[in-house]
Number of protein chains: 2
Amino acid sequence: MASTKLPTHIFHQFDKELEDIRTKVLSMGGLVEEHLAHVLDALSHGNAALAETIAQSDYKVNAFEVDIDEECTEILARRNPAAGDLRLVLAVTKIITDLERVGDEAEKIARIVASLIANENPKSYYIGVLAMGHHVRRMLHDALDAFARMDADAALAIAKEDREVDREQDATLRQLITYMMEDPRSITRVLNVILAVRAMERIGDHARNICEDVIYLVIGKDIRHISLEDAEKELRGIER
Amino acid sequence: MASTKLPTHIFHQFDKELEDIRTKVLSMGGLVEEHLAHVLDALSHGNAALAETIAQSDYKVNAFEVDIDEECTEILARRNPAAGDLRLVLAVTKIITDLERVGDEAEKIARIVASLIANENPKSYYIGVLAMGHHVRRMLHDALDAFARMDADAALAIAKEDREVDREQDATLRQLITYMMEDPRSITRVLNVILAVRAMERIGDHARNICEDVIYLVIGKDIRHISLEDAEKELRGIER
């Protein structure tokens, strides 16, 4: 007599697969975070060799993306996940895209940093971009932590920080423009710093995207295109 | 007597659903393309009102993304698609993310364009950015066309054009920097043109991403992180 119940070991295997992609996302995130931290170190200590090494290391991040993406496709094809399991797999495919793009931005910044160090610019050029860099690095770390703990409240709080990053960007750009105006010979070099500032801002955007995916994963609602205030109401409504 | 065959109308319904998400992706792409075309028109004819209108219209693009994404999740949950059908659904979820981000960049450019027009800059500032804009707009159009026709060869040819866009960007930036050096009072305004140039370059990147998704969809191989020359070999190998 056929039973609709599958043998328990199949469920265990499936749980293991889901746990495996979660772990890999966190490893991938840890690697991206490390790259970003090294780039910031390279800039603040004038270590061009370190910046070069990071610029060459992005392939490791890419390999993670391809590997996890394939695993997600496999799970969708073979397991037909439903509800929360399906949301996990879909959230993971989105999160790794954002992580891969953070890796791309870190690579770009690493190349800029190597050229900045070679040019022996005054350290004052880097104050704003370093502060932004430390901020977005922390956001990325906290976003991954919210994913690991399935914490939608934390994710929302981190997503809100993206606005602060935008304000930091405005202030930094203003300051950099004054350097260009004071000494037009500095224009090309300062422009490189500006491009690094823009890349930091984009990393903040990606951290925010990851937070939105975590909220989707936990509460099952797509909050990407509503205001964060409305997202907060959604969250409060569900918790009540 | 139970049969493993499902009634034909269920298959028809499924085909209709797949056709529906394809059509919606093309409509979303058409809208994004239109926004970009209007922004370019606004810049070349000095029409600030048109630029403002486009800056306010991005919510329509976002609505498409949310709608299509939900439909994809529904299909994954209820239909358990396999092979080519699964690849279509997964490629669509990636393509709409890129289209939504092209929409974001078009919105940013629209805001910059409105401020540039208000400043009455010399038209010579815009030559490079307009040329890049027309180029990436064509790339986006052709990428969507390759998706509609499931044409991996066309997709590869368009992905290759992204390198040309990068070269155009370098030349445009060089030219803009000379304007800043000649007249330091122009620095802030020229910097806005530079930010528009960067946004155009990112639109080229997104068009390339879409092409890579089309190739994955058609040949079932992830070519995102291999060189385009190796991707070409993959494609030739499969066609032989």
# chains A, B, ... in the order shown; residues from 1 in each chain; ligands from 1
>>> residues_around(residues="His225 (chain B)", least_positions_apart="2", cutoff="7 Å", atoms="only C-alpha atoms", output="MDAnalysis selection string")
(chainID A and resid 62) or (chainID B and resid 223 227)
>>> write_last_selection(atoms="N, CA and C atoms", output="PDB file, in the first residue's frame")
ATOM      1  N   ASN A  62      33.103  35.234  -6.673  1.00  0.00           N
ATOM      2  CA  ASN A  62      32.312  34.778  -7.821  1.00  0.00           C
ATOM      3  C   ASN A  62      32.069  33.270  -7.773  1.00  0.00           C
TER       4      ASN A  62
ATOM      5  N   ILE B 223      27.445  31.555 -17.423  1.00  0.00           N
ATOM      6  CA  ILE B 223      28.689  32.081 -18.015  1.00  0.00           C
ATOM      7  C   ILE B 223      29.099  33.403 -17.372  1.00  0.00           C
ATOM      8  N   SER B 227      35.351  34.413 -19.120  1.00  0.00           N
ATOM      9  CA  SER B 227      35.545  35.474 -20.111  1.00  0.00           C
ATOM     10  C   SER B 227      34.552  35.270 -21.247  1.00  0.00           C
TER      11      SER B 227
END
>>> interface_residues(of="chain B", to="chain A", cutoff="10 Å", atoms="only C-alpha atoms", output="mmCIF file with all heavy atoms, in the first residue's frame")
data_model
loop_
_atom_site.group_PDB
_atom_site.id
_atom_site.type_symbol
_atom_site.label_atom_id
_atom_site.label_comp_id
_atom_site.auth_asym_id
_atom_site.auth_seq_id
_atom_site.Cartn_x
_atom_site.Cartn_y
_atom_site.Cartn_z
ATOM 1 N N TYR B 59 8.143 54.489 -9.882
ATOM 2 C CA TYR B 59 7.260 53.582 -9.135
ATOM 3 C C TYR B 59 6.555 52.581 -10.055
ATOM 4 O O TYR B 59 6.237 51.470 -9.649
ATOM 5 C CB TYR B 59 6.229 54.389 -8.320
ATOM 6 C CG TYR B 59 5.157 55.023 -9.167
ATOM 7 C CD1 TYR B 59 3.941 54.380 -9.392
ATOM 8 C CD2 TYR B 59 5.363 56.258 -9.770
ATOM 9 C CE1 TYR B 59 2.960 54.952 -10.186
ATOM 10 C CE2 TYR B 59 4.400 56.844 -10.560
ATOM 11 C CZ TYR B 59 3.196 56.185 -10.763
ATOM 12 O OH TYR B 59 2.236 56.738 -11.570
ATOM 13 N N ASN B 62 8.890 49.729 -10.508
ATOM 14 C CA ASN B 62 8.923 48.931 -9.279
ATOM 15 C C ASN B 62 7.699 48.027 -9.149
ATOM 16 O O ASN B 62 7.802 46.884 -8.702
ATOM 17 C CB ASN B 62 8.994 49.858 -8.059
ATOM 18 C CG ASN B 62 10.276 50.673 -8.036
ATOM 19 O OD1 ASN B 62 11.231 50.341 -8.735
ATOM 20 N ND2 ASN B 62 10.289 51.735 -7.260
ATOM 21 N N ALA B 63 6.533 48.565 -9.542
ATOM 22 C CA ALA B 63 5.296 47.788 -9.440
ATOM 23 C C ALA B 63 5.383 46.543 -10.325
ATOM 24 O O ALA B 63 4.952 45.449 -9.941
ATOM 25 C CB ALA B 63 4.097 48.649 -9.825
ATOM 26 N N GLU B 65 8.120 44.973 -11.091
ATOM 27 C CA GLU B 65 9.036 44.021 -10.468
ATOM 28 C C GLU B 65 8.317 43.183 -9.405
ATOM 29 O O GLU B 65 8.429 41.957 -9.380
ATOM 30 C CB GLU B 65 10.240 44.732 -9.836
ATOM 31 C CG GLU B 65 11.284 43.717 -9.360
ATOM 32 C CD GLU B 65 12.315 44.282 -8.393
ATOM 33 O OE1 GLU B 65 12.097 45.384 -7.853
ATOM 34 O OE2 GLU B 65 13.330 43.610 -8.171
ATOM 35 N N VAL B 66 7.582 43.865 -8.518
ATOM 36 C CA VAL B 66 6.892 43.163 -7.437
ATOM 37 C C VAL B 66 5.879 42.162 -8.013
ATOM 38 O O VAL B 66 5.810 41.009 -7.585
ATOM 39 C CB VAL B 66 6.193 44.177 -6.500
ATOM 40 C CG1 VAL B 66 5.302 43.471 -5.497
ATOM 41 C CG2 VAL B 66 7.242 45.029 -5.774
ATOM 42 N N ASP B 69 7.668 39.209 -9.779
ATOM 43 C CA ASP B 69 8.347 38.392 -8.779
ATOM 44 C C ASP B 69 7.344 37.499 -8.039
ATOM 45 O O ASP B 69 7.605 36.306 -7.814
ATOM 46 C CB ASP B 69 9.077 39.314 -7.787
ATOM 47 C CG ASP B 69 10.414 38.727 -7.353
ATOM 48 O OD1 ASP B 69 10.896 37.793 -8.012
ATOM 49 O OD2 ASP B 69 10.969 39.208 -6.350
ATOM 50 N N GLU B 70 6.202 38.054 -7.690
ATOM 51 C CA GLU B 70 5.163 37.256 -7.017
ATOM 52 C C GLU B 70 4.673 36.130 -7.908
ATOM 53 O O GLU B 70 4.472 35.002 -7.460
ATOM 54 C CB GLU B 70 3.972 38.142 -6.634
ATOM 55 C CG GLU B 70 4.169 38.795 -5.271
ATOM 56 C CD GLU B 70 3.051 39.775 -4.936
ATOM 57 O OE1 GLU B 70 2.029 39.806 -5.655
ATOM 58 O OE2 GLU B 70 3.219 40.523 -3.955
ATOM 59 N N THR B 73 7.181 33.349 -7.930
ATOM 60 C CA THR B 73 7.132 32.566 -6.683
ATOM 61 C C THR B 73 5.941 31.610 -6.701
ATOM 62 O O THR B 73 6.055 30.447 -6.323
ATOM 63 C CB THR B 73 7.037 33.511 -5.456
ATOM 64 O OG1 THR B 73 8.074 34.479 -5.555
ATOM 65 C CG2 THR B 73 7.199 32.752 -4.156
ATOM 66 N N GLU B 74 4.797 32.116 -7.161
ATOM 67 C CA GLU B 74 3.587 31.302 -7.303
ATOM 68 C C GLU B 74 3.840 30.081 -8.182
ATOM 69 O O GLU B 74 3.472 28.957 -7.838
ATOM 70 C CB GLU B 74 2.483 32.139 -7.988
ATOM 71 C CG GLU B 74 1.595 32.895 -7.042
ATOM 72 C CD GLU B 74 0.705 31.935 -6.258
ATOM 73 O OE1 GLU B 74 -0.080 31.174 -6.865
ATOM 74 O OE2 GLU B 74 0.860 31.964 -5.023
ATOM 75 N N LEU B 76 6.699 28.683 -8.966
ATOM 76 C CA LEU B 76 7.626 27.746 -8.317
ATOM 77 C C LEU B 76 6.906 26.924 -7.257
ATOM 78 O O LEU B 76 7.133 25.719 -7.114
ATOM 79 C CB LEU B 76 8.797 28.501 -7.679
ATOM 80 C CG LEU B 76 9.816 29.106 -8.652
ATOM 81 C CD1 LEU B 76 10.796 30.005 -7.906
ATOM 82 C CD2 LEU B 76 10.575 28.023 -9.408
ATOM 83 N N ALA B 77 6.016 27.567 -6.503
ATOM 84 C CA ALA B 77 5.330 26.878 -5.412
ATOM 85 C C ALA B 77 4.312 25.869 -5.938
ATOM 86 O O ALA B 77 4.195 24.767 -5.419
ATOM 87 C CB ALA B 77 4.647 27.894 -4.499
ATOM 88 N N ARG B 78 3.566 26.240 -6.997
ATOM 89 C CA ARG B 78 2.458 25.387 -7.413
ATOM 90 C C ARG B 78 2.792 24.440 -8.550
ATOM 91 O O ARG B 78 2.190 23.382 -8.679
ATOM 92 C CB ARG B 78 1.252 26.255 -7.798
ATOM 93 C CG ARG B 78 0.586 26.924 -6.564
ATOM 94 C CD ARG B 78 -0.724 27.594 -6.938
ATOM 95 N NE ARG B 78 -0.520 28.580 -7.982
ATOM 96 C CZ ARG B 78 -0.872 28.439 -9.248
ATOM 97 N NH1 ARG B 78 -1.485 27.345 -9.659
ATOM 98 N NH2 ARG B 78 -0.631 29.398 -10.124
ATOM 99 N N ARG B 79 3.745 24.814 -9.416
ATOM 100 C CA ARG B 79 3.959 24.039 -10.639
ATOM 101 C C ARG B 79 5.190 23.156 -10.601
ATOM 102 O O ARG B 79 5.354 22.321 -11.499
ATOM 103 C CB ARG B 79 4.071 24.977 -11.839
ATOM 104 C CG ARG B 79 2.880 25.881 -12.049
ATOM 105 C CD ARG B 79 1.696 25.075 -12.544
ATOM 106 N NE ARG B 79 0.607 25.946 -12.970
ATOM 107 C CZ ARG B 79 -0.584 25.491 -13.318
ATOM 108 N NH1 ARG B 79 -0.831 24.187 -13.278
ATOM 109 N NH2 ARG B 79 -1.526 26.317 -13.688
ATOM 110 N N ASN B 80 6.092 23.407 -9.635
ATOM 111 C CA ASN B 80 7.330 22.627 -9.594
ATOM 112 C C ASN B 80 7.958 22.482 -10.975
ATOM 113 O O ASN B 80 8.199 21.376 -11.466
ATOM 114 C CB ASN B 80 7.046 21.239 -9.003
ATOM 115 C CG ASN B 80 8.348 20.509 -8.669
ATOM 116 O OD1 ASN B 80 9.391 21.150 -8.512
ATOM 117 N ND2 ASN B 80 8.282 19.202 -8.582
ATOM 118 N N PRO B 81 8.258 23.602 -11.636
ATOM 119 C CA PRO B 81 8.786 23.532 -13.008
ATOM 120 C C PRO B 81 10.150 22.844 -13.040
ATOM 121 O O PRO B 81 10.900 22.906 -12.062
ATOM 122 C CB PRO B 81 8.907 25.003 -13.417
ATOM 123 C CG PRO B 81 9.007 25.760 -12.138
ATOM 124 C CD PRO B 81 8.189 24.994 -11.145
ATOM 125 N N ALA B 82 10.434 22.181 -14.139
ATOM 126 C CA ALA B 82 11.717 21.484 -14.293
ATOM 127 C C ALA B 82 12.433 22.003 -15.530
ATOM 128 O O ALA B 82 11.846 22.710 -16.355
ATOM 129 C CB ALA B 82 11.471 19.983 -14.423
ATOM 130 N N ALA B 83 13.721 21.673 -15.620
ATOM 131 C CA ALA B 83 14.549 21.966 -16.802
ATOM 132 C C ALA B 83 14.343 23.376 -17.351
ATOM 133 O O ALA B 83 14.490 24.359 -16.626
ATOM 134 C CB ALA B 83 14.298 20.906 -17.867
ATOM 135 N N LEU B 86 12.027 25.774 -15.451
ATOM 136 C CA LEU B 86 12.643 26.289 -14.219
ATOM 137 C C LEU B 86 13.656 27.376 -14.555
ATOM 138 O O LEU B 86 13.706 28.428 -13.902
ATOM 139 C CB LEU B 86 13.317 25.138 -13.455
ATOM 140 C CG LEU B 86 14.067 25.515 -12.177
ATOM 141 C CD1 LEU B 86 13.167 26.203 -11.167
ATOM 142 C CD2 LEU B 86 14.698 24.267 -11.544
ATOM 143 N N ARG B 87 14.459 27.122 -15.603
ATOM 144 C CA ARG B 87 15.448 28.127 -16.008
ATOM 145 C C ARG B 87 14.773 29.427 -16.418
ATOM 146 O O ARG B 87 15.259 30.513 -16.105
ATOM 147 C CB ARG B 87 16.313 27.601 -17.162
ATOM 148 C CG ARG B 87 17.327 26.568 -16.743
ATOM 149 C CD ARG B 87 18.577 26.604 -17.628
ATOM 150 N NE ARG B 87 18.266 26.442 -19.045
ATOM 151 C CZ ARG B 87 18.087 25.261 -19.643
ATOM 152 N NH1 ARG B 87 18.181 24.142 -18.949
ATOM 153 N NH2 ARG B 87 17.828 25.202 -20.928
ATOM 154 N N LEU B 90 13.699 31.263 -13.222
ATOM 155 C CA LEU B 90 14.854 31.807 -12.506
ATOM 156 C C LEU B 90 15.514 32.957 -13.280
ATOM 157 O O LEU B 90 15.912 33.966 -12.689
ATOM 158 C CB LEU B 90 15.875 30.706 -12.218
ATOM 159 C CG LEU B 90 15.393 29.635 -11.235
ATOM 160 C CD1 LEU B 90 16.446 28.546 -11.067
ATOM 161 C CD2 LEU B 90 15.052 30.246 -9.875
ATOM 162 N N THR B 93 13.440 36.078 -12.755
ATOM 163 C CA THR B 93 13.623 36.771 -11.466
ATOM 164 C C THR B 93 14.916 37.590 -11.467
ATOM 165 O O THR B 93 14.983 38.637 -10.834
ATOM 166 C CB THR B 93 13.654 35.803 -10.251
ATOM 167 O OG1 THR B 93 14.738 34.891 -10.403
ATOM 168 C CG2 THR B 93 12.365 35.023 -10.114
ATOM 169 N N LYS B 94 15.929 37.108 -12.201
ATOM 170 C CA LYS B 94 17.180 37.886 -12.260
ATOM 171 C C LYS B 94 17.044 39.085 -13.210
ATOM 172 O O LYS B 94 17.519 40.191 -12.918
ATOM 173 C CB LYS B 94 18.344 36.995 -12.707
ATOM 174 C CG LYS B 94 18.812 36.044 -11.596
ATOM 175 C CD LYS B 94 19.979 35.193 -12.059
ATOM 176 C CE LYS B 94 20.131 33.931 -11.236
ATOM 177 N NZ LYS B 94 20.630 34.148 -9.881
ATOM 178 N N THR B 97 15.287 42.047 -11.698
ATOM 179 C CA THR B 97 16.123 42.788 -10.745
ATOM 180 C C THR B 97 16.998 43.780 -11.505
ATOM 181 O O THR B 97 17.134 44.940 -11.110
ATOM 182 C CB THR B 97 17.014 41.818 -9.935
ATOM 183 O OG1 THR B 97 16.184 40.854 -9.304
ATOM 184 C CG2 THR B 97 17.797 42.549 -8.870
ATOM 185 N N LEU B 173 35.151 60.780 -19.603
ATOM 186 C CA LEU B 173 35.643 61.312 -18.335
ATOM 187 C C LEU B 173 36.867 62.209 -18.547
ATOM 188 O O LEU B 173 36.979 63.297 -17.981
ATOM 189 C CB LEU B 173 35.984 60.179 -17.360
ATOM 190 C CG LEU B 173 34.793 59.376 -16.801
ATOM 191 C CD1 LEU B 173 35.270 58.323 -15.818
ATOM 192 C CD2 LEU B 173 33.769 60.293 -16.126
ATOM 193 N N ARG B 174 37.776 61.748 -19.411
ATOM 194 C CA ARG B 174 38.961 62.556 -19.709
ATOM 195 C C ARG B 174 38.578 63.946 -20.206
ATOM 196 O O ARG B 174 39.123 64.959 -19.778
ATOM 197 C CB ARG B 174 39.773 61.887 -20.831
ATOM 198 C CG ARG B 174 40.909 61.074 -20.326
ATOM 199 C CD ARG B 174 41.489 60.254 -21.493
ATOM 200 N NE ARG B 174 42.022 59.018 -20.972
ATOM 201 C CZ ARG B 174 43.216 58.921 -20.386
ATOM 202 N NH1 ARG B 174 43.991 59.980 -20.261
ATOM 203 N NH2 ARG B 174 43.629 57.766 -19.912
ATOM 204 N N ILE B 177 37.108 66.116 -17.461
ATOM 205 C CA ILE B 177 38.118 66.609 -16.516
ATOM 206 C C ILE B 177 38.810 67.863 -17.070
ATOM 207 O O ILE B 177 39.108 68.803 -16.331
ATOM 208 C CB ILE B 177 39.142 65.489 -16.199
ATOM 209 C CG1 ILE B 177 38.463 64.415 -15.337
ATOM 210 C CG2 ILE B 177 40.363 66.042 -15.474
ATOM 211 C CD1 ILE B 177 39.268 63.138 -15.178
ATOM 212 N N THR B 178 39.040 67.902 -18.412
ATOM 213 C CA THR B 178 39.677 69.105 -18.975
ATOM 214 C C THR B 178 38.801 70.345 -18.753
ATOM 215 O O THR B 178 39.311 71.420 -18.481
ATOM 216 C CB THR B 178 39.975 68.957 -20.490
ATOM 217 O OG1 THR B 178 38.748 68.789 -21.182
ATOM 218 C CG2 THR B 178 40.889 67.773 -20.759
ATOM 219 N N MET B 180 36.850 70.861 -16.201
ATOM 220 C CA MET B 180 37.037 71.249 -14.803
ATOM 221 C C MET B 180 38.338 72.012 -14.619
ATOM 222 O O MET B 180 38.411 72.990 -13.878
ATOM 223 C CB MET B 180 37.101 70.004 -13.915
ATOM 224 C CG MET B 180 35.786 69.323 -13.664
ATOM 225 S SD MET B 180 36.167 67.888 -12.602
ATOM 226 C CE MET B 180 34.562 67.523 -11.946
ATOM 227 N N MET B 181 39.393 71.554 -15.286
ATOM 228 C CA MET B 181 40.703 72.176 -15.114
ATOM 229 C C MET B 181 40.741 73.571 -15.729
ATOM 230 O O MET B 181 41.331 74.487 -15.178
ATOM 231 C CB MET B 181 41.781 71.294 -15.742
ATOM 232 C CG MET B 181 42.042 70.052 -14.903
ATOM 233 S SD MET B 181 43.257 69.008 -15.701
ATOM 234 C CE MET B 181 43.633 67.893 -14.354
ATOM 235 N N GLU B 182 40.083 73.697 -16.886
ATOM 236 C CA GLU B 182 40.067 74.997 -17.564
ATOM 237 C C GLU B 182 39.313 76.037 -16.754
ATOM 238 O O GLU B 182 39.659 77.210 -16.750
ATOM 239 C CB GLU B 182 39.402 74.869 -18.940
ATOM 240 C CG GLU B 182 40.344 74.330 -20.000
ATOM 241 C CD GLU B 182 39.588 73.863 -21.232
ATOM 242 O OE1 GLU B 182 38.407 74.233 -21.409
ATOM 243 O OE2 GLU B 182 40.181 73.099 -22.014
ATOM 244 N N ASP B 183 38.241 75.615 -16.105
ATOM 245 C CA ASP B 183 37.411 76.566 -15.361
ATOM 246 C C ASP B 183 36.930 75.957 -14.041
ATOM 247 O O ASP B 183 35.873 75.335 -13.981
ATOM 248 C CB ASP B 183 36.216 76.983 -16.230
ATOM 249 C CG ASP B 183 35.304 77.938 -15.479
ATOM 250 O OD1 ASP B 183 35.698 78.423 -14.402
ATOM 251 O OD2 ASP B 183 34.191 78.207 -15.984
ATOM 252 N N PRO B 184 37.725 76.139 -12.983
ATOM 253 C CA PRO B 184 37.390 75.525 -11.693
ATOM 254 C C PRO B 184 35.993 75.892 -11.184
ATOM 255 O O PRO B 184 35.423 75.155 -10.385
ATOM 256 C CB PRO B 184 38.479 76.030 -10.760
ATOM 257 C CG PRO B 184 39.641 76.306 -11.648
ATOM 258 C CD PRO B 184 39.041 76.807 -12.933
ATOM 259 N N ARG B 185 35.426 77.007 -11.663
ATOM 260 C CA ARG B 185 34.065 77.343 -11.225
ATOM 261 C C ARG B 185 33.043 76.333 -11.761
ATOM 262 O O ARG B 185 31.922 76.249 -11.280
ATOM 263 C CB ARG B 185 33.673 78.742 -11.697
ATOM 264 C CG ARG B 185 34.354 79.883 -10.934
ATOM 265 C CD ARG B 185 34.173 81.162 -11.683
ATOM 266 N NE ARG B 185 34.645 80.997 -13.076
ATOM 267 C CZ ARG B 185 34.467 81.872 -14.069
ATOM 268 N NH1 ARG B 185 33.812 82.986 -13.837
ATOM 269 N NH2 ARG B 185 34.938 81.625 -15.281
ATOM 270 N N SER B 186 33.440 75.592 -12.792
ATOM 271 C CA SER B 186 32.508 74.627 -13.400
ATOM 272 C C SER B 186 32.527 73.277 -12.674
ATOM 273 O O SER B 186 31.736 72.381 -13.000
ATOM 274 C CB SER B 186 32.885 74.391 -14.864
ATOM 275 O OG SER B 186 34.050 73.573 -14.932
ATOM 276 N N ILE B 187 33.426 73.122 -11.680
ATOM 277 C CA ILE B 187 33.666 71.788 -11.097
ATOM 278 C C ILE B 187 32.386 71.083 -10.651
ATOM 279 O O ILE B 187 32.128 69.933 -11.019
ATOM 280 C CB ILE B 187 34.699 71.869 -9.936
ATOM 281 C CG1 ILE B 187 36.098 72.085 -10.530
ATOM 282 C CG2 ILE B 187 34.684 70.605 -9.074
ATOM 283 C CD1 ILE B 187 37.205 72.299 -9.507
ATOM 284 N N THR B 188 31.551 71.753 -9.857
ATOM 285 C CA THR B 188 30.352 71.103 -9.338
ATOM 286 C C THR B 188 29.428 70.654 -10.476
ATOM 287 O O THR B 188 28.903 69.540 -10.457
ATOM 288 C CB THR B 188 29.594 72.044 -8.383
ATOM 289 O OG1 THR B 188 30.520 72.506 -7.397
ATOM 290 C CG2 THR B 188 28.468 71.316 -7.679
ATOM 291 N N LEU B 191 30.908 67.791 -12.378
ATOM 292 C CA LEU B 191 30.844 66.582 -11.555
ATOM 293 C C LEU B 191 29.478 65.903 -11.699
ATOM 294 O O LEU B 191 29.377 64.671 -11.733
ATOM 295 C CB LEU B 191 31.117 66.935 -10.089
ATOM 296 C CG LEU B 191 31.365 65.750 -9.165
ATOM 297 C CD1 LEU B 191 32.540 64.912 -9.642
ATOM 298 C CD2 LEU B 191 31.620 66.227 -7.748
ATOM 299 N N ILE B 194 29.570 63.918 -14.714
ATOM 300 C CA ILE B 194 30.362 62.697 -14.468
ATOM 301 C C ILE B 194 29.510 61.631 -13.770
ATOM 302 O O ILE B 194 29.567 60.441 -14.111
ATOM 303 C CB ILE B 194 31.635 63.032 -13.646
ATOM 304 C CG1 ILE B 194 32.612 63.808 -14.544
ATOM 305 C CG2 ILE B 194 32.284 61.768 -13.070
ATOM 306 C CD1 ILE B 194 33.898 64.250 -13.855
ATOM 307 N N LEU B 195 28.682 62.055 -12.825
ATOM 308 C CA LEU B 195 27.822 61.075 -12.144
ATOM 309 C C LEU B 195 26.809 60.474 -13.125
ATOM 310 O O LEU B 195 26.485 59.292 -13.049
ATOM 311 C CB LEU B 195 27.118 61.726 -10.947
ATOM 312 C CG LEU B 195 28.057 62.218 -9.827
ATOM 313 C CD1 LEU B 195 27.265 62.813 -8.678
ATOM 314 C CD2 LEU B 195 28.965 61.103 -9.312
ATOM 315 N N ARG B 198 28.657 57.821 -15.103
ATOM 316 C CA ARG B 198 28.794 56.584 -14.332
ATOM 317 C C ARG B 198 27.492 55.797 -14.340
ATOM 318 O O ARG B 198 27.487 54.571 -14.419
ATOM 319 C CB ARG B 198 29.183 56.883 -12.878
ATOM 320 C CG ARG B 198 30.530 57.537 -12.722
ATOM 321 C CD ARG B 198 31.654 56.594 -13.000
ATOM 322 N NE ARG B 198 31.763 55.556 -11.983
ATOM 323 C CZ ARG B 198 32.567 54.511 -12.087
ATOM 324 N NH1 ARG B 198 33.302 54.342 -13.159
ATOM 325 N NH2 ARG B 198 32.621 53.631 -11.128
ATOM 326 N N ASP B 222 25.922 28.679 -16.738
ATOM 327 C CA ASP B 222 26.172 29.953 -16.081
ATOM 328 C C ASP B 222 27.492 30.510 -16.590
ATOM 329 O O ASP B 222 28.555 29.984 -16.291
ATOM 330 C CB ASP B 222 26.249 29.710 -14.572
ATOM 331 C CG ASP B 222 26.313 31.004 -13.793
ATOM 332 O OD1 ASP B 222 26.672 32.042 -14.376
ATOM 333 O OD2 ASP B 222 25.988 30.971 -12.597
ATOM 334 N N ILE B 223 27.445 31.555 -17.423
ATOM 335 C CA ILE B 223 28.689 32.081 -18.015
ATOM 336 C C ILE B 223 29.099 33.403 -17.372
ATOM 337 O O ILE B 223 29.972 34.109 -17.875
ATOM 338 C CB ILE B 223 28.531 32.304 -19.543
ATOM 339 C CG1 ILE B 223 27.400 33.322 -19.821
ATOM 340 C CG2 ILE B 223 28.265 31.010 -20.276
ATOM 341 C CD1 ILE B 223 27.810 34.392 -20.778
ATOM 342 N N ARG B 224 28.466 33.726 -16.227
ATOM 343 C CA ARG B 224 28.685 35.065 -15.669
ATOM 344 C C ARG B 224 30.126 35.373 -15.326
ATOM 345 O O ARG B 224 30.574 36.495 -15.455
ATOM 346 C CB ARG B 224 27.825 35.254 -14.414
ATOM 347 C CG ARG B 224 26.415 35.671 -14.750
ATOM 348 C CD ARG B 224 25.579 35.702 -13.496
ATOM 349 N NE ARG B 224 25.544 34.379 -12.878
ATOM 350 C CZ ARG B 224 24.907 34.116 -11.748
ATOM 351 N NH1 ARG B 224 24.267 35.077 -11.121
ATOM 352 N NH2 ARG B 224 24.885 32.895 -11.250
ATOM 353 N N HIS B 225 30.843 34.353 -14.832
ATOM 354 C CA HIS B 225 32.187 34.682 -14.365
ATOM 355 C C HIS B 225 33.301 34.047 -15.188
ATOM 356 O O HIS B 225 34.393 33.827 -14.707
ATOM 357 C CB HIS B 225 32.333 34.320 -12.880
ATOM 358 C CG HIS B 225 31.321 35.037 -12.046
ATOM 359 N ND1 HIS B 225 31.249 36.404 -11.996
ATOM 360 C CD2 HIS B 225 30.324 34.589 -11.255
ATOM 361 C CE1 HIS B 225 30.256 36.762 -11.203
ATOM 362 N NE2 HIS B 225 29.675 35.679 -10.740
ATOM 363 N N ILE B 226 32.995 33.732 -16.448
ATOM 364 C CA ILE B 226 34.079 33.307 -17.336
ATOM 365 C C ILE B 226 34.230 34.403 -18.396
ATOM 366 O O ILE B 226 33.356 35.249 -18.548
ATOM 367 C CB ILE B 226 33.800 31.925 -17.990
ATOM 368 C CG1 ILE B 226 32.535 31.954 -18.860
ATOM 369 C CG2 ILE B 226 33.651 30.843 -16.926
ATOM 370 C CD1 ILE B 226 32.281 30.659 -19.617
#
>>> atom_distance(atom1="CA of Cys72 (chain A)", atom2="CA of Ile210 (chain A)")
17.1 Å
>>> residues_around(residues="Asp166 (chain A)", least_positions_apart="2", cutoff="10 Å", atoms="only C-alpha atoms", output="PyMOL selection string")
chain A and resi 132+161-164+168-172+198+200-202+204-205
>>> write_last_selection(atoms="C-alpha atoms", output="PDB file, in the first residue's frame")
ATOM      1  CA  MET A 132      31.804  55.713   5.071  1.00  0.00           C
ATOM      2  CA  GLU A 161      20.929  53.325   8.251  1.00  0.00           C
ATOM      3  CA  ASP A 162      21.264  53.548   4.489  1.00  0.00           C
ATOM      4  CA  ARG A 163      19.885  57.088   4.715  1.00  0.00           C
ATOM      5  CA  GLU A 164      22.713  58.087   7.061  1.00  0.00           C
ATOM      6  CA  GLU A 168      27.650  61.014   4.816  1.00  0.00           C
ATOM      7  CA  GLN A 169      28.150  60.754   1.076  1.00  0.00           C
ATOM      8  CA  ASP A 170      26.783  64.269   0.481  1.00  0.00           C
ATOM      9  CA  ALA A 171      29.031  65.768   3.153  1.00  0.00           C
ATOM     10  CA  THR A 172      32.094  63.895   1.849  1.00  0.00           C
ATOM     11  CA  ARG A 198      30.218  56.345  -4.813  1.00  0.00           C
ATOM     12  CA  MET A 200      30.940  52.796  -0.787  1.00  0.00           C
ATOM     13  CA  GLU A 201      27.456  54.251  -1.161  1.00  0.00           C
ATOM     14  CA  ARG A 202      26.505  51.390  -3.467  1.00  0.00           C
ATOM     15  CA  GLY A 204      25.345  50.521   1.554  1.00  0.00           C
ATOM     16  CA  ASP A 205      22.543  50.019  -1.009  1.00  0.00           C
TER      17      ASP A 205
END
>>> atom_distance(atom1="CA of Glu71 (chain A)", atom2="CA of His38 (chain A)")
29.2 Å
